[in-house]
$ cat final-v4.pdb   # PDB, C-alpha atoms
ATOM      1  CA  MET R 254     -24.160 -11.726  -9.368
ATOM      2  CA  ASN R 255     -27.852 -11.027  -9.278
ATOM      3  CA  LYS R 256     -29.333  -9.434 -12.356
ATOM      4  CA  THR R 257     -31.919  -6.777 -11.764
ATOM      5  CA  PRO R 258     -34.390  -5.077 -14.122
ATOM      6  CA  GLY R 259     -32.139  -2.034 -14.243
ATOM      7  CA  SER R 260     -28.954  -3.990 -14.835
ATOM      8  CA  ALA R 261     -26.310  -2.999 -17.338
ATOM      9  CA  PRO R 262     -26.355  -5.872 -19.892
ATOM     10  CA  ILE R 263     -23.048  -5.073 -21.561
ATOM     11  CA  THR R 264     -21.139  -4.866 -18.274
ATOM     12  CA  LEU R 265     -22.797  -8.006 -16.920
ATOM     13  CA  ALA R 266     -22.046  -9.898 -20.123
ATOM     14  CA  LEU R 267     -18.396  -8.823 -19.846
ATOM     15  CA  ASP R 268     -18.332  -9.993 -16.235
ATOM     16  CA  ASN R 269     -19.647 -13.399 -17.282
ATOM     17  CA  VAL R 270     -16.716 -13.715 -19.688
ATOM     18  CA  LEU R 271     -14.151 -12.522 -17.155
ATOM     19  CA  LEU R 272     -15.513 -14.809 -14.442
ATOM     20  CA  ASP R 273     -15.445 -17.900 -16.655
ATOM     21  CA  THR R 274     -12.826 -20.060 -14.933
ATOM     22  CA  ARG R 275     -13.259 -23.216 -17.000
ATOM     23  CA  PRO R 276      -9.876 -24.901 -17.646
ATOM     24  CA  ARG R 277      -8.144 -23.800 -20.844
ATOM     25  CA  ARG R 278      -5.739 -25.906 -22.836
ATOM     26  CA  LEU R 279      -2.983 -23.369 -23.030
ATOM     27  CA  GLY R 280       0.740 -23.660 -22.563
ATOM     28  CA  GLY R 281       3.933 -21.658 -22.829
ATOM     29  CA  TRP R 282       3.697 -18.139 -24.194
ATOM     30  CA  ARG R 283       0.027 -18.592 -25.115
ATOM     31  CA  ARG R 284      -0.927 -19.160 -21.487
ATOM     32  CA  GLY R 285       1.282 -16.324 -20.321
ATOM     33  CA  GLY R 286      -0.220 -13.973 -22.905
ATOM     34  CA  ALA R 287      -3.798 -14.993 -22.140
ATOM     35  CA  GLU R 288      -3.355 -14.592 -18.386
ATOM     36  CA  PHE R 289      -1.668 -11.213 -18.892
ATOM     37  CA  LEU R 290      -4.566  -9.981 -21.046
ATOM     38  CA  TYR R 291      -7.205 -11.238 -18.617
ATOM     39  CA  PHE R 292      -5.275  -9.658 -15.736
ATOM     40  CA  GLY R 293      -5.375  -6.332 -17.580
ATOM     41  CA  PHE R 294      -9.043  -6.646 -18.551
ATOM     42  CA  LYS R 295     -10.089  -7.525 -15.008
ATOM     43  CA  ASN R 296      -8.157  -4.602 -13.573
ATOM     44  CA  ALA R 297      -9.704  -2.262 -16.128
ATOM     45  CA  ARG R 298     -13.157  -3.598 -15.256
ATOM     46  CA  ALA R 299     -12.445  -3.187 -11.525
ATOM     47  CA  CYS R 300     -11.615   0.453 -12.286
ATOM     48  CA  LEU R 301     -15.111   1.046 -13.716
ATOM     49  CA  PHE R 302     -16.029   3.721 -11.176
ATOM     50  CA  VAL R 303     -12.522   5.200 -11.254
ATOM     51  CA  GLY R 304     -12.445   5.337 -15.051
ATOM     52  CA  LEU R 305     -15.883   6.911 -15.450
ATOM     53  CA  PHE R 306     -15.242   9.433 -12.686
ATOM     54  CA  PHE R 307     -11.851  10.513 -14.006
ATOM     55  CA  ALA R 308     -13.224  10.707 -17.539
ATOM     56  CA  ALA R 309     -15.806  13.152 -16.188
ATOM     57  CA  MET R 310     -13.034  15.140 -14.495
ATOM     58  CA  MET R 311     -11.120  15.464 -17.760
ATOM     59  CA  LEU R 312     -14.124  16.149 -19.999
ATOM     60  CA  THR R 313     -15.940  18.657 -17.806
ATOM     61  CA  PRO R 314     -14.983  22.239 -18.750
ATOM     62  CA  ARG R 315     -13.493  24.267 -15.927
ATOM     63  CA  ALA R 316     -16.242  26.872 -16.443
ATOM     64  CA  GLY R 317     -18.889  24.212 -15.920
ATOM     65  CA  VAL R 318     -21.870  23.346 -18.095
ATOM     66  CA  PHE R 319     -25.042  25.435 -18.524
ATOM     67  CA  GLY R 320     -24.134  27.576 -15.540
ATOM     68  CA  LEU R 321     -23.520  24.584 -13.268
ATOM     69  CA  PRO R 322     -20.013  24.802 -11.729
ATOM     70  CA  ARG R 323     -17.586  21.996 -12.486
ATOM     71  CA  TYR R 324     -17.341  20.676  -8.930
ATOM     72  CA  ASP R 325     -21.133  20.472  -8.612
ATOM     73  CA  LEU R 326     -21.408  18.634 -11.907
ATOM     74  CA  LEU R 327     -18.726  16.157 -10.817
ATOM     75  CA  LEU R 328     -20.716  15.458  -7.651
ATOM     76  CA  LEU R 329     -23.827  14.709  -9.699
ATOM     77  CA  VAL R 330     -21.839  12.458 -12.040
ATOM     78  CA  ALA R 331     -20.299  10.541  -9.112
ATOM     79  CA  LEU R 332     -23.702  10.038  -7.486
ATOM     80  CA  ALA R 333     -25.198   8.881 -10.783
ATOM     81  CA  ILE R 334     -22.400   6.350 -11.350
ATOM     82  CA  GLN R 335     -22.746   5.023  -7.818
ATOM     83  CA  LEU R 336     -26.525   4.695  -8.107
ATOM     84  CA  TRP R 337     -26.197   2.907 -11.448
ATOM     85  CA  MET R 338     -23.674   0.434 -10.058
ATOM     86  CA  VAL R 339     -25.927  -0.482  -7.140
ATOM     87  CA  ARG R 340     -29.128  -0.725  -9.203
ATOM     88  CA  SER R 341     -27.400  -2.838 -11.836
ATOM     89  CA  GLY R 342     -26.049  -5.288  -9.257
ATOM     90  CA  LEU R 343     -22.423  -4.319  -9.802
ATOM     91  CA  GLU R 344     -22.216  -3.358  -6.115
ATOM     92  CA  THR R 345     -24.136  -4.624  -3.111
ATOM     93  CA  ILE R 346     -25.687  -2.467  -0.407
ATOM     94  CA  ASP R 347     -23.027  -3.629   2.087
ATOM     95  CA  GLU R 348     -20.306  -2.611  -0.339
ATOM     96  CA  LEU R 349     -22.015   0.747  -0.828
ATOM     97  CA  LYS R 350     -21.981   1.290   2.948
ATOM     98  CA  ALA R 351     -18.222   0.693   3.005
ATOM     99  CA  ILE R 352     -17.742   3.082   0.087
ATOM    100  CA  CYS R 353     -19.799   5.731   1.913
ATOM    101  CA  LEU R 354     -17.455   5.272   4.871
ATOM    102  CA  PHE R 355     -14.490   5.936   2.551
ATOM    103  CA  HIS R 356     -16.264   9.088   1.382
ATOM    104  CA  ALA R 357     -16.674  10.317   4.965
ATOM    105  CA  ILE R 358     -13.081   9.487   5.890
ATOM    106  CA  GLY R 359     -11.830  11.237   2.765
ATOM    107  CA  PHE R 360     -13.948  14.324   3.371
ATOM    108  CA  ALA R 361     -12.647  14.672   6.946
ATOM    109  CA  LEU R 362      -9.072  14.456   5.687
ATOM    110  CA  GLU R 363      -9.767  16.953   2.896
ATOM    111  CA  ALA R 364     -11.387  19.437   5.292
ATOM    112  CA  PHE R 365      -8.306  19.342   7.503
ATOM    113  CA  LYS R 366      -5.798  19.581   4.657
ATOM    114  CA  VAL R 367      -7.426  22.582   2.939
ATOM    115  CA  SER R 368      -8.046  24.482   6.188
ATOM    116  CA  GLY R 369      -6.428  27.878   6.593
ATOM    117  CA  ALA R 370      -3.954  26.614   9.186
ATOM    118  CA  ILE R 371      -2.677  23.750   7.003
ATOM    119  CA  GLN R 372      -3.282  24.572   3.302
ATOM    120  CA  SER R 373      -1.666  21.387   1.972
ATOM    121  CA  TRP R 374      -3.681  21.817  -1.241
ATOM    122  CA  ALA R 375      -6.656  23.818  -2.468
ATOM    123  CA  TYR R 376      -9.733  23.615  -4.685
ATOM    124  CA  PRO R 377      -9.595  26.931  -6.560
ATOM    125  CA  ASP R 378     -13.000  26.933  -8.280
ATOM    126  CA  PHE R 379     -16.387  28.065  -6.962
ATOM    127  CA  ALA R 380     -19.066  25.468  -6.184
ATOM    128  CA  TYR R 381     -22.473  25.488  -4.524
ATOM    129  CA  THR R 382     -21.625  22.149  -2.923
ATOM    130  CA  LYS R 383     -18.438  23.350  -1.255
ATOM    131  CA  VAL R 384     -18.388  22.814   2.511
ATOM    132  CA  ILE R 385     -15.616  24.483   4.558
ATOM    133  CA  GLY R 386     -13.557  24.790   1.395
ATOM    134  CA  VAL R 387     -14.040  21.176   0.260
ATOM    135  CA  PRO R 388     -16.252  20.286  -2.725
ATOM    136  CA  LEU R 389     -18.379  17.279  -1.802
ATOM    137  CA  PHE R 390     -17.300  15.350  -4.900
ATOM    138  CA  SER R 391     -13.777  15.026  -3.461
ATOM    139  CA  GLY R 392     -14.819  12.247  -1.084
ATOM    140  CA  PHE R 393     -15.551  10.084  -4.109
ATOM    141  CA  MET R 394     -11.863  10.121  -5.019
ATOM    142  CA  TYR R 395     -11.230   8.144  -1.836
ATOM    143  CA  ALA R 396     -14.363   6.058  -2.362
ATOM    144  CA  ALA R 397     -12.989   5.163  -5.804
ATOM    145  CA  ILE R 398     -10.105   3.310  -4.144
ATOM    146  CA  GLY R 399     -12.550   1.271  -2.083
ATOM    147  CA  SER R 400     -14.679   0.609  -5.153
ATOM    148  CA  TYR R 401     -11.657  -0.749  -7.030
ATOM    149  CA  ILE R 402     -10.714  -3.120  -4.203
ATOM    150  CA  VAL R 403     -14.308  -4.359  -3.843
ATOM    151  CA  GLN R 404     -14.627  -5.018  -7.579
ATOM    152  CA  ALA R 405     -11.174  -6.617  -7.853
ATOM    153  CA  TRP R 406     -11.998  -8.949  -4.974
ATOM    154  CA  ARG R 407     -14.889 -10.439  -6.895
ATOM    155  CA  LEU R 408     -13.358 -10.432 -10.380
ATOM    156  CA  PHE R 409     -10.090 -12.044  -9.279
ATOM    157  CA  ASP R 410     -11.699 -14.301  -6.634
ATOM    158  CA  LEU R 411      -9.178 -12.949  -4.140
ATOM    159  CA  ARG R 412      -8.191 -14.957  -1.095
ATOM    160  CA  ILE R 413      -5.791 -13.802   1.585
ATOM    161  CA  ARG R 414      -3.361 -16.139   3.322
ATOM    162  CA  HIS R 415      -1.571 -15.406   6.629
ATOM    163  CA  HIS R 416      -3.412 -12.150   7.253
ATOM    164  CA  PRO R 417      -2.411 -10.612  10.608
ATOM    165  CA  PRO R 418      -4.999 -10.664  13.425
ATOM    166  CA  HIS R 419      -7.713  -8.158  12.617
ATOM    167  CA  TRP R 420      -7.111  -6.063  15.737
ATOM    168  CA  MET R 421      -3.494  -5.553  14.665
ATOM    169  CA  ALA R 422      -4.558  -4.621  11.138
ATOM    170  CA  TRP R 423      -7.087  -2.134  12.530
ATOM    171  CA  THR R 424      -4.491  -0.629  14.870
ATOM    172  CA  ILE R 425      -1.984   0.095  12.100
ATOM    173  CA  ALA R 426      -4.764   1.356   9.814
ATOM    174  CA  ILE R 427      -6.001   3.845  12.422
ATOM    175  CA  LEU R 428      -2.456   5.019  13.167
ATOM    176  CA  ILE R 429      -1.820   5.536   9.448
ATOM    177  CA  TYR R 430      -4.937   7.672   9.161
ATOM    178  CA  LEU R 431      -4.113   9.698  12.278
ATOM    179  CA  ASN R 432      -0.597  10.375  10.989
ATOM    180  CA  PHE R 433      -2.074  12.303   8.046
ATOM    181  CA  PHE R 434      -3.309  14.788  10.660
ATOM    182  CA  THR R 435      -0.713  14.649  13.428
ATOM    183  CA  HIS R 436       2.412  14.950  11.272
ATOM    184  CA  HIS R 437       1.689  18.673  11.025
ATOM    185  CA  TYR R 438       2.214  18.953  14.783
ATOM    186  CA  ILE R 439       4.357  16.129  16.176
ATOM    187  CA  GLY R 440       6.377  14.920  13.189
ATOM    188  CA  ASP R 441       5.841  12.532  10.315
ATOM    189  CA  TYR R 442       5.954   8.895  11.451
ATOM    190  CA  ARG R 443       5.122   7.550   8.001
ATOM    191  CA  TRP R 444       8.242   5.431   7.666
ATOM    192  CA  TYR R 445       7.899   3.970  11.159
ATOM    193  CA  LEU R 446       4.338   3.003  10.304
ATOM    194  CA  ALA R 447       5.515   1.593   6.965
ATOM    195  CA  ALA R 448       8.096  -0.518   8.844
ATOM    196  CA  CYS R 449       5.360  -1.794  11.176
ATOM    197  CA  ALA R 450       3.148  -2.631   8.210
ATOM    198  CA  LEU R 451       6.077  -4.417   6.555
ATOM    199  CA  GLY R 452       6.487  -6.633   9.598
ATOM    200  CA  LEU R 453       2.764  -7.135  10.018
ATOM    201  CA  TYR R 454       2.107  -8.199   6.411
ATOM    202  CA  SER R 455       5.479  -9.767   5.594
ATOM    203  CA  ARG R 456       4.000 -13.290   5.376
ATOM    204  CA  THR R 457       0.692 -12.258   3.859
ATOM    205  CA  THR R 458      -0.025 -13.347   0.305
ATOM    206  CA  VAL R 459      -2.970 -12.670  -1.959
ATOM    207  CA  VAL R 460      -4.196 -15.557  -4.097
ATOM    208  CA  PHE R 461      -5.926 -14.434  -7.287
ATOM    209  CA  ARG R 462      -7.201 -15.991 -10.485
ATOM    210  CA  PRO R 463      -6.501 -14.026 -13.678
ATOM    211  CA  LEU R 464      -7.857 -16.828 -15.894
ATOM    212  CA  ASP R 465      -8.366 -20.440 -14.778
ATOM    213  CA  ARG R 466      -5.448 -21.008 -12.416
ATOM    214  CA  ASP R 467      -4.592 -19.536  -9.047
ATOM    215  CA  ARG R 468      -1.605 -17.208  -8.834
ATOM    216  CA  LYS R 469      -0.220 -15.447  -5.809
ATOM    217  CA  MET R 470       1.813 -12.398  -4.880
ATOM    218  CA  PRO R 471       2.854 -10.626  -1.667
ATOM    219  CA  LEU R 472       0.013  -8.454  -0.421
ATOM    220  CA  LEU R 473       2.508  -5.676   0.329
ATOM    221  CA  LEU R 474       3.442  -5.544  -3.355
ATOM    222  CA  SER R 475      -0.203  -4.991  -4.283
ATOM    223  CA  PHE R 476      -0.381  -2.073  -1.806
ATOM    224  CA  VAL R 477       2.650  -0.454  -3.435
ATOM    225  CA  LEU R 478       1.373  -1.007  -6.991
ATOM    226  CA  ILE R 479      -2.073   0.408  -6.250
ATOM    227  CA  GLY R 480      -0.440   3.365  -4.508
ATOM    228  CA  PHE R 481       1.627   4.036  -7.626
ATOM    229  CA  PHE R 482      -1.409   4.164  -9.900
ATOM    230  CA  ILE R 483      -3.208   6.467  -7.460
ATOM    231  CA  TRP R 484      -0.158   8.747  -7.605
ATOM    232  CA  LEU R 485      -0.456   8.753 -11.408
ATOM    233  CA  ALA R 486      -4.168   9.614 -11.122
ATOM    234  CA  GLU R 487      -3.275  12.428  -8.738
ATOM    235  CA  ASN R 488      -0.953  13.862 -11.358
ATOM    236  CA  ILE R 489      -3.799  13.772 -13.877
ATOM    237  CA  GLY R 490      -6.156  15.516 -11.454
ATOM    238  CA  THR R 491      -3.714  18.324 -10.676
ATOM    239  CA  PHE R 492      -2.745  18.699 -14.342
ATOM    240  CA  TRP R 493      -6.395  19.384 -15.174
ATOM    241  CA  GLY R 494      -6.600  21.853 -12.321
ATOM    242  CA  VAL R 495      -9.230  20.011 -10.305
ATOM    243  CA  TRP R 496      -7.096  20.721  -7.237
ATOM    244  CA  ARG R 497      -3.628  22.157  -6.808
ATOM    245  CA  TYR R 498      -0.696  21.914  -4.429
ATOM    246  CA  PRO R 499       0.979  25.184  -3.397
ATOM    247  CA  ASN R 500       3.965  24.545  -5.705
ATOM    248  CA  GLN R 501       1.569  24.115  -8.655
ATOM    249  CA  LEU R 502      -0.202  27.460  -8.377
ATOM    250  CA  GLY R 503       2.107  29.263 -10.812
ATOM    251  CA  ALA R 504       2.639  26.377 -13.229
ATOM    252  CA  TRP R 505       1.878  22.689 -13.058
ATOM    253  CA  SER R 506       4.618  20.306 -11.940
ATOM    254  CA  VAL R 507       4.683  16.596 -11.200
ATOM    255  CA  VAL R 508       3.354  15.653  -7.781
ATOM    256  CA  HIS R 509       6.304  14.777  -5.570
ATOM    257  CA  VAL R 510       7.088  11.084  -5.626
ATOM    258  CA  SER R 511       6.897  10.967  -1.807
ATOM    259  CA  LYS R 512       3.104  11.042  -2.221
ATOM    260  CA  TRP R 513       3.403   7.503  -3.603
ATOM    261  CA  SER R 514       4.290   6.239  -0.128
ATOM    262  CA  SER R 515       1.395   8.172   1.410
ATOM    263  CA  TRP R 516      -1.074   6.638  -1.025
ATOM    264  CA  SER R 517       0.321   3.142  -0.472
ATOM    265  CA  LEU R 518      -0.277   3.551   3.254
ATOM    266  CA  LEU R 519      -3.774   4.838   2.593
ATOM    267  CA  VAL R 520      -4.424   1.711   0.511
ATOM    268  CA  ILE R 521      -3.592  -0.387   3.587
ATOM    269  CA  MET R 522      -6.240   1.488   5.549
ATOM    270  CA  THR R 523      -8.776   1.091   2.720
ATOM    271  CA  PHE R 524      -8.001  -2.623   2.388
ATOM    272  CA  THR R 525      -8.560  -3.098   6.125
ATOM    273  CA  ILE R 526     -12.071  -1.659   5.872
ATOM    274  CA  VAL R 527     -12.956  -3.764   2.814
ATOM    275  CA  ALA R 528     -11.535  -6.886   4.486
ATOM    276  CA  ASN R 529     -14.173  -6.580   7.195
ATOM    277  CA  LEU R 530     -17.118  -6.880   4.826
ATOM    278  CA  LYS R 531     -18.945 -10.079   5.791
ATOM    279  CA  HIS R 532     -18.730 -11.875   2.427
ATOM    280  CA  ILE R 533     -15.066 -10.900   2.027
ATOM    281  CA  LYS R 534     -13.939 -11.741   5.566
ATOM    282  CA  GLN R 535     -14.801 -15.375   4.845
ATOM    283  CA  LYS R 536     -11.971 -15.497   2.286
ATOM    284  CA  ILE R 537      -9.299 -14.276   4.665
ATOM    285  CA  HIS R 538      -7.090 -16.712   6.493
ATOM    286  CA  VAL R 539      -5.811 -15.092   9.689
ATOM    287  CA  ALA R 540      -2.364 -16.168  10.804
ATOM    288  CA  ARG R 541      -2.110 -17.799  14.194
ATOM    289  CA  ALA R 542       0.758 -17.196  16.558
TER     290      ALA R 542
END

$ encode --input "final-v4.pdb" --output "C-alpha cells"
Amino acid sequence: MNKTPGSAPITLALDNVLLDTRPRRLGGWRRGGAEFLYFGFKNARACLFVGLFFAAMMLTPRAGVFGLPRYDLLLLVALAIQLWMVRSGLETIDELKAICLFHAIGFALEAFKVSGAIQSWAYPDFAYTKVIGVPLFSGFMYAAIGSYIVQAWRLFDLRIRHHPPHWMAWTIAILIYLNFFTHHYIGDYRWYLAACALGLYSRTTVVFRPLDRDRKMPLLLSFVLIGFFIWLAENIGTFWGVWRYPNQLGAWSVVHVSKWSSWSLLVIMTFTIVANLKHIKQKIHVARA
C-alpha cells in the first residue's frame, strides 16, 4: 500500500500488523485462537466504510443537525469517508470507480422500488438531495458492500480457485439484478437463479490467509454469510427509521428472513464486478471445461 501525505497513520499501522504473514510458532488451541482473532480483526477492518457509515446513521438525529436534514448529512458523511479512504491510500482509483458503479446500480434499484407503482419501501424524511423519492446517500449502502469485498480481498490475500468462466458469471449476475425488477411483473425467479448459481459456483473455493497460513472455504458459503450480515444491517437501518417497509410503518418489526436470500444473490452480483478489477482478476483461477 502506498502511503500518501494525507494518509491515516493509525489505520495504515493497523494494516501493517494485519498484513504481517511471517510464520508463527503456534499450535493447538493457541493457533486456532490467534487465527480466529485475526479473522475477526481483518473482517472488522474490511468493514471500515460500513462501520463508519452505519455509525453515522445511528448517531445522526432524525431531525438533522443545524437545520441540515438527516439524509443530506448522511450523504456528506459518506462522501467524506470515501474521499478520506482514497486520499489515504486505503482505496485505489480503480476500486473507487467500481464502488461508484455500485452506487449507480443501487440508486437505479432504489428509484424503481420506491416508485409509486411499486412502493416496496420508502424514505419518509425530507431531504434536499432526494431525487425521485430516493435520497442520494442510499447508493452508498450498496457501495458499502463493494467496499467490504475490495478491502477483504487485500487484507485476506484472497485467491479464487475453479471460478466459472467470466461470461457465465456475468450472465447470472445480470439476471439476478434484472429479477429485482421483473419479479413484480413476471414472477420471482430468485430460487431458479440461486439453483443456477449453486451449480455454477459449486466447485469454486476461496483461499484466504487469516494469519500466516492459507485456509479455504466454499465461495458460496461466503456469499451466504455476507448476505446474512447485510440482512442484520438492514434490520438496524429500519429500526432507526432510515427507511421503512410497508409492514413497519405502524411499528417496527424484523425484516423478513427471505431478504437474506435476496442479499446473498446481490452479493454474487457485487462479487462479479469486483472480480473484474485488473489487480484482482489476476488472482482468479478460471475453471476449464

$ closest_atom_pairs --input "final-v4.pdb" --of "stretch 386-444 of chain R" --to "stretch 289-297 of chain R" --cutoff "12 Å" --atoms "only C-alpha atoms" --output "Markdown table"
| residue | atom | partner | partner_atom | distance |
| --- | --- | --- | --- | --- |
| R:Ser400 | CA | R:Asn296 | CA | 11.9 |
| R:Tyr401 | CA | R:Asn296 | CA | 8.4 |
| R:Ile402 | CA | R:Asn296 | CA | 9.8 |
| R:Val403 | CA | R:Asn296 | CA | 11.5 |
| R:Gln404 | CA | R:Asn296 | CA | 8.8 |
| R:Ala405 | CA | R:Asn296 | CA | 6.8 |
| R:Trp406 | CA | R:Lys295 | CA | 10.3 |
| R:Arg407 | CA | R:Lys295 | CA | 9.9 |
| R:Leu408 | CA | R:Lys295 | CA | 6.4 |
| R:Phe409 | CA | R:Lys295 | CA | 7.3 |
| R:Asp410 | CA | R:Lys295 | CA | 10.9 |

$ closest_residue --input "final-v4.pdb" --among "R:Thr264, R:Ser391, R:Thr345, R:Asn269" --to "R:Leu530" --atoms "all atoms listed in the file"
R:Thr345

$ closest_residue --input "final-v4.pdb" --among "R:Gly286, R:Tyr498, R:Val539, R:Cys300" --to "R:Trp420" --atoms "all atoms listed in the file"
R:Val539

$ resolve_selection --input "final-v4.pdb" --expression "the PyMOL selection byres ((chain R and resi 415) around 10)" --output "count of residues only"
17

$ residues_around --input "final-v4.pdb" --residues "R:Trp516" --least-positions-apart "3" --cutoff "7 Å" --atoms "all atoms listed in the file" --output "PyMOL selection string"
chain R and resi 480+483-484+512-513+519-520

$ closest_residue --input "final-v4.pdb" --among "R:Trp496, R:Phe360, R:Phe393, R:Phe302" --to "R:Asp378" --atoms "all atoms listed in the file"
R:Trp496

$ axis_aligned_box --input "final-v4.pdb" --around "stretch 486-496 of chain R" --padding-each-side "8 Å" --output "lines of an AutoDock Vina configuration file"
center_x = -5.1
center_y = 15.7
center_z = -11.2
size_x = 24.3
size_y = 28.2
size_z = 23.9

$ closest_residue --input "final-v4.pdb" --among "R:Leu349, R:Val330, R:Val384, R:Ile526" --to "R:Trp423" --atoms "only C-alpha atoms"
R:Ile526

$ closest_residue --input "final-v4.pdb" --among "R:Leu327, R:Ile398, R:Ala528, R:Ala364" --to "R:Gly386" --atoms "all atoms listed in the file"
R:Ala364

$ atom_distance --input "final-v4.pdb" --atom1 "atom CA of R:Met394" --atom2 "atom CA of R:Tyr376"
13.7 Å

$ closest_residue --input "final-v4.pdb" --among "R:Ile346, R:Cys449, R:Leu329, R:Leu428" --to "R:Phe390" --atoms "all atoms listed in the file"
R:Leu329

$ resolve_selection --input "final-v4.pdb" --expression "the PyMOL selection byres ((chain R and resi 509) around 12)" --output "PDB file with C-alpha atoms, in the frame of the given file"
ATOM      1  CA  PHE R 481       1.627   4.036  -7.626  1.00  0.00           C
ATOM      2  CA  TRP R 484      -0.158   8.747  -7.605  1.00  0.00           C
ATOM      3  CA  LEU R 485      -0.456   8.753 -11.408  1.00  0.00           C
ATOM      4  CA  GLU R 487      -3.275  12.428  -8.738  1.00  0.00           C
ATOM      5  CA  ASN R 488      -0.953  13.862 -11.358  1.00  0.00           C
ATOM      6  CA  THR R 491      -3.714  18.324 -10.676  1.00  0.00           C
ATOM      7  CA  TYR R 498      -0.696  21.914  -4.429  1.00  0.00           C
ATOM      8  CA  PRO R 499       0.979  25.184  -3.397  1.00  0.00           C
ATOM      9  CA  ASN R 500       3.965  24.545  -5.705  1.00  0.00           C
ATOM     10  CA  GLN R 501       1.569  24.115  -8.655  1.00  0.00           C
ATOM     11  CA  TRP R 505       1.878  22.689 -13.058  1.00  0.00           C
ATOM     12  CA  SER R 506       4.618  20.306 -11.940  1.00  0.00           C
ATOM     13  CA  VAL R 507       4.683  16.596 -11.200  1.00  0.00           C
ATOM     14  CA  VAL R 508       3.354  15.653  -7.781  1.00  0.00           C
ATOM     15  CA  VAL R 510       7.088  11.084  -5.626  1.00  0.00           C
ATOM     16  CA  SER R 511       6.897  10.967  -1.807  1.00  0.00           C
ATOM     17  CA  LYS R 512       3.104  11.042  -2.221  1.00  0.00           C
ATOM     18  CA  TRP R 513       3.403   7.503  -3.603  1.00  0.00           C
ATOM     19  CA  SER R 514       4.290   6.239  -0.128  1.00  0.00           C
ATOM     20  CA  SER R 515       1.395   8.172   1.410  1.00  0.00           C
ATOM     21  CA  TRP R 516      -1.074   6.638  -1.025  1.00  0.00           C
TER      22      TRP R 516
END

$ atom_distance --input "final-v4.pdb" --atom1 "atom CA of R:Gly440" --atom2 "atom CA of R:Leu474"
26.5 Å

$ residues_around --input "final-v4.pdb" --residues "R:Ala380" --least-positions-apart "5" --cutoff "8 Å" --atoms "only C-alpha atoms" --output "list in words"
Pro322, Arg323, Tyr324, Asp325 and Pro388 of chain R

$ resolve_selection --input "final-v4.pdb" --expression "the PyMOL selection byres ((chain R and resi 363) around 9)" --output "PyMOL selection string"
chain R and resi 358-362+364-368+374+386-387+391-392

$ atom_distance --input "final-v4.pdb" --atom1 "atom CA of R:Gly399" --atom2 "atom CA of R:Asp465"
25.5 Å

$ residues_around --input "final-v4.pdb" --residues "R:Tyr445" --least-positions-apart "3" --cutoff "12 Å" --atoms "all atoms listed in the file" --output "ChimeraX atom specification"
/R:425,428-429,432,440-442,448-452,518

$ residues_around --input "final-v4.pdb" --residues "R:Asp347" --least-positions-apart "2" --cutoff "12 Å" --atoms "only C-alpha atoms" --output "list in words"
Val339, Gly342, Leu343, Glu344, Thr345, Leu349, Lys350, Ala351, Ile352, Cys353, Leu354, Ser400, Val403, Ile526, Val527, Asn529, Leu530, Lys531, His532 and Ile533 of chain R

$ write_last_selection --input "final-v4.pdb" --atoms "C-alpha atoms" --output "PDB file, in the frame of the given file"
ATOM      1  CA  VAL R 339     -25.927  -0.482  -7.140  1.00  0.00           C
ATOM      2  CA  GLY R 342     -26.049  -5.288  -9.257  1.00  0.00           C
ATOM      3  CA  LEU R 343     -22.423  -4.319  -9.802  1.00  0.00           C
ATOM      4  CA  GLU R 344     -22.216  -3.358  -6.115  1.00  0.00           C
ATOM      5  CA  THR R 345     -24.136  -4.624  -3.111  1.00  0.00           C
ATOM      6  CA  LEU R 349     -22.015   0.747  -0.828  1.00  0.00           C
ATOM      7  CA  LYS R 350     -21.981   1.290   2.948  1.00  0.00           C
ATOM      8  CA  ALA R 351     -18.222   0.693   3.005  1.00  0.00           C
ATOM      9  CA  ILE R 352     -17.742   3.082   0.087  1.00  0.00           C
ATOM     10  CA  CYS R 353     -19.799   5.731   1.913  1.00  0.00           C
ATOM     11  CA  LEU R 354     -17.455   5.272   4.871  1.00  0.00           C
ATOM     12  CA  SER R 400     -14.679   0.609  -5.153  1.00  0.00           C
ATOM     13  CA  VAL R 403     -14.308  -4.359  -3.843  1.00  0.00           C
ATOM     14  CA  ILE R 526     -12.071  -1.659   5.872  1.00  0.00           C
ATOM     15  CA  VAL R 527     -12.956  -3.764   2.814  1.00  0.00           C
ATOM     16  CA  ASN R 529     -14.173  -6.580   7.195  1.00  0.00           C
ATOM     17  CA  LEU R 530     -17.118  -6.880   4.826  1.00  0.00           C
ATOM     18  CA  LYS R 531     -18.945 -10.079   5.791  1.00  0.00           C
ATOM     19  CA  HIS R 532     -18.730 -11.875   2.427  1.00  0.00           C
ATOM     20  CA  ILE R 533     -15.066 -10.900   2.027  1.00  0.00           C
TER      21      ILE R 533
END

$ build_atoms --input "final-v4.pdb" --residues "stretch 274-280 of chain R" --atoms "N, CA and C atoms" --output "short mmCIF file (atom, residue, chain, number, x, y, z; two decimals), keeping the file's coordinate frame"
data_model
loop_
_atom_site.label_atom_id
_atom_site.label_comp_id
_atom_site.auth_asym_id
_atom_site.auth_seq_id
_atom_site.Cartn_x
_atom_site.Cartn_y
_atom_site.Cartn_z
N THR R 274 -14.08 -19.44 -15.38
CA THR R 274 -12.83 -20.06 -14.93
C THR R 274 -12.68 -21.50 -15.42
N ARG R 275 -13.41 -21.86 -16.46
CA ARG R 275 -13.26 -23.22 -17.00
C ARG R 275 -11.82 -23.43 -17.46
N PRO R 276 -11.26 -24.63 -17.25
CA PRO R 276 -9.88 -24.90 -17.65
C PRO R 276 -9.65 -24.67 -19.14
N ARG R 277 -8.54 -24.02 -19.45
CA ARG R 277 -8.14 -23.80 -20.84
C ARG R 277 -6.93 -24.66 -21.18
N ARG R 278 -6.91 -25.14 -22.39
CA ARG R 278 -5.74 -25.91 -22.84
C ARG R 278 -4.74 -24.94 -23.46
N LEU R 279 -3.98 -24.35 -22.60
CA LEU R 279 -2.98 -23.37 -23.03
C LEU R 279 -1.64 -23.71 -22.40
N GLY R 280 -0.59 -23.40 -23.09
CA GLY R 280 0.74 -23.66 -22.56
C GLY R 280 1.73 -22.63 -23.07
#
